[in-house]
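Written below as structure tokens is the structure these notes are about.
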Amino acid sequence: MTETSPRTPAEPMAFTRTEFWRGATSAWLWFIPLSLAPWTIFFGPYAVIVAMYVVPWSIGAALVFATPAYLLARALRRTARMPVHLLAFASLGAAVGVATTVVLFAVDPSLGQAMGAAILTVNTAASAAAVAIGWWRSARRALRSDAVPVETRGTDADAAAEDALLGDGGSVR
């Protein structure tokens, strides 16, 4: 079963729940390597310990900040300009990085004292990039899907292309 596109000329960036959750999941999946890469370089094999913090905290952050992300996406559904969306979602991601780091420091003040600036920088940059990338990948996939005629979605793309070239439903003369 194929979902119909919610996008219209009035709301060119409208989205379905599936598209939203695809973007949120993509953002979370991008955050993991983007945040762990600097720590792996710095700590080497001990970055596994960092991952034990990053994964559960990032799941919590993704769930908590899903509502603001949804509201932002709804607010921007009438704006077709991609740079506006990318900047807005990168800004949301940066806010997520700052907020989760502040909470982390409140829970464990020793982390803030030991490496506060580094943790804040990595979390903010990784969150900003991950949320923007997650949004972009989901939006790109949705918009590409809109470019494919509804009657050919979920069918053999090669056969559909051949039928389009023949122009008469596929009969060969």
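Each chain in the structure tokens gets a letter, A, B, ..., in the order shown, and its residues are numbered from 1; ligands are numbered from 1 in order too.
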
message: Need to verify the contact set: range 20-37 of chain A, 9 Å, only C-alpha atoms, exclusion of same-chain residues closer than 6 positions in sequence. Can you return it as number ranges by chain?
response: A: 47-48, 50-51, 54-55, 58-59, 61-63, 66, 69-70, 73, 122-123, 125-139

Those same residues, written as a compact mmCIF listing (two decimals), in the first residue's frame with N, CA and C atoms?
# COMPACT_ATOMS: atom_id res chain seq x y z
N ALA A 47 36.61 4.82 23.97
CA ALA A 47 35.41 5.50 23.50
C ALA A 47 34.17 4.62 23.68
N VAL A 48 34.37 3.33 23.88
CA VAL A 48 33.24 2.44 24.16
C VAL A 48 32.52 2.91 25.42
N VAL A 50 32.29 6.00 26.41
CA VAL A 50 31.52 7.18 26.00
C VAL A 50 30.23 6.73 25.31
N ALA A 51 30.33 5.70 24.49
CA ALA A 51 29.14 5.19 23.79
C ALA A 51 28.07 4.72 24.76
N VAL A 54 26.38 7.96 25.40
CA VAL A 54 25.81 8.61 24.22
C VAL A 54 24.54 7.92 23.74
N VAL A 55 24.54 6.61 23.64
CA VAL A 55 23.38 5.91 23.06
C VAL A 55 22.11 6.13 23.88
N SER A 58 21.05 9.84 23.83
CA SER A 58 20.55 10.29 22.52
C SER A 58 19.17 9.73 22.22
N ILE A 59 18.88 8.53 22.69
CA ILE A 59 17.52 7.99 22.52
C ILE A 59 16.53 8.88 23.29
N ALA A 61 16.93 12.00 24.16
CA ALA A 61 16.85 13.32 23.51
C ALA A 61 15.97 13.24 22.26
N ALA A 62 16.11 12.17 21.49
CA ALA A 62 15.30 12.03 20.28
C ALA A 62 13.82 11.97 20.63
N LEU A 63 13.49 11.26 21.68
CA LEU A 63 12.08 11.15 22.08
C LEU A 63 11.55 12.47 22.65
N ALA A 66 11.28 15.17 19.84
CA ALA A 66 10.46 14.84 18.67
C ALA A 66 9.31 15.84 18.54
N ALA A 69 10.50 19.13 17.12
CA ALA A 69 10.85 18.92 15.71
C ALA A 69 9.60 18.84 14.85
N TYR A 70 8.59 18.14 15.35
CA TYR A 70 7.32 18.02 14.62
C TYR A 70 6.68 19.39 14.46
N ALA A 73 8.59 21.41 11.89
CA ALA A 73 8.29 20.93 10.54
C ALA A 73 6.90 21.40 10.09
N VAL A 122 31.24 19.10 21.10
CA VAL A 122 30.96 17.88 20.32
C VAL A 122 29.46 17.64 20.25
N ASN A 123 28.78 17.71 21.39
CA ASN A 123 27.34 17.43 21.40
C ASN A 123 26.56 18.43 20.56
N ALA A 125 27.68 20.40 18.00
CA ALA A 125 27.99 20.26 16.58
C ALA A 125 27.39 18.98 16.00
N ALA A 126 27.52 17.87 16.72
CA ALA A 126 26.99 16.60 16.23
C ALA A 126 25.47 16.65 16.13
N SER A 127 24.82 17.25 17.12
CA SER A 127 23.36 17.35 17.10
C SER A 127 22.89 18.25 15.96
N ALA A 128 23.54 19.37 15.77
CA ALA A 128 23.14 20.28 14.69
C ALA A 128 23.27 19.59 13.34
N ALA A 129 24.40 18.94 13.12
CA ALA A 129 24.61 18.24 11.84
C ALA A 129 23.63 17.08 11.68
N ALA A 130 23.45 16.28 12.71
CA ALA A 130 22.60 15.09 12.62
C ALA A 130 21.14 15.45 12.34
N VAL A 131 20.62 16.46 13.02
CA VAL A 131 19.21 16.83 12.81
C VAL A 131 19.03 17.39 11.40
N ALA A 132 19.96 18.21 10.94
CA ALA A 132 19.86 18.75 9.57
C ALA A 132 19.96 17.62 8.54
N ILE A 133 20.90 16.71 8.73
CA ILE A 133 21.05 15.59 7.79
C ILE A 133 19.83 14.69 7.82
N GLY A 134 19.33 14.38 9.01
CA GLY A 134 18.14 13.54 9.12
C GLY A 134 16.95 14.15 8.41
N TRP A 135 16.74 15.46 8.61
CA TRP A 135 15.65 16.13 7.91
C TRP A 135 15.87 16.09 6.41
N TRP A 136 17.07 16.42 5.97
CA TRP A 136 17.38 16.51 4.54
C TRP A 136 17.17 15.17 3.84
N ARG A 137 17.66 14.09 4.46
CA ARG A 137 17.51 12.77 3.85
C ARG A 137 16.04 12.37 3.74
N SER A 138 15.28 12.63 4.77
CA SER A 138 13.86 12.28 4.75
C SER A 138 13.10 13.13 3.73
N ALA A 139 13.38 14.43 3.70
CA ALA A 139 12.71 15.32 2.75
C ALA A 139 13.07 14.95 1.32

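CA of Leu120 in chain A lies 27.4 Å from CA of Met82 in chain A.
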
query: Smallest atom-to-atom distance to Thr16 in chain A: which of A:Ala117, A:Ala142, A:Ala147, A:Ala80, using only C-alpha atoms?
result: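 Under the stated criterion, the closest residue is A:Ala142.
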
statement: The residue from A:Ala99, A:Ile41, A:Leu76, A:Leu87 with the smallest atom-to-atom distance to Met13 in chain A, counting only C-alpha atoms, is A:Leu76

Do you know which residues are at most 7 Å from Ala14 in chain A counting only C-alpha atoms, after dropping those on the same chain fewer than 5 positions away, and could you put them as a tab-separated table (two decimals) with N, CA and C atoms, in the first residue's frame?
chain	number	residue	atom	x	y	z
A	6	PRO	N	1.12	14.23	0.90
A	6	PRO	CA	0.35	15.34	1.49
A	6	PRO	C	0.76	16.69	0.91
A	7	ARG	N	1.79	16.69	0.06
A	7	ARG	CA	2.31	17.95	-0.45
A	7	ARG	C	1.39	18.53	-1.53
A	77	ARG	N	5.93	23.93	6.77
A	77	ARG	CA	5.37	23.16	5.66
A	77	ARG	C	4.99	24.02	4.46

field: Within 10 Å of Thr101 in chain A using only C-alpha atoms, minus same-chain residues under 4 positions, as a VMD selection string
entry: chain A and resid 57 95 to 97 105 to 107 111 to 112 116 119 to 124

query: Distance CA of Pro9 in chain A-CA of Leu71 in chain A, one decimal place?
result: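 It comes out at 20.2 Å.
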
Nearest candidate to Glu19 in chain A (options A:Gln113, A:Thr100, A:Ser5, A:Thr79; using only C-alpha atoms):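 Looking only at the distances to Glu19 in chain A, the closest residue turns out to be A:Ser5.
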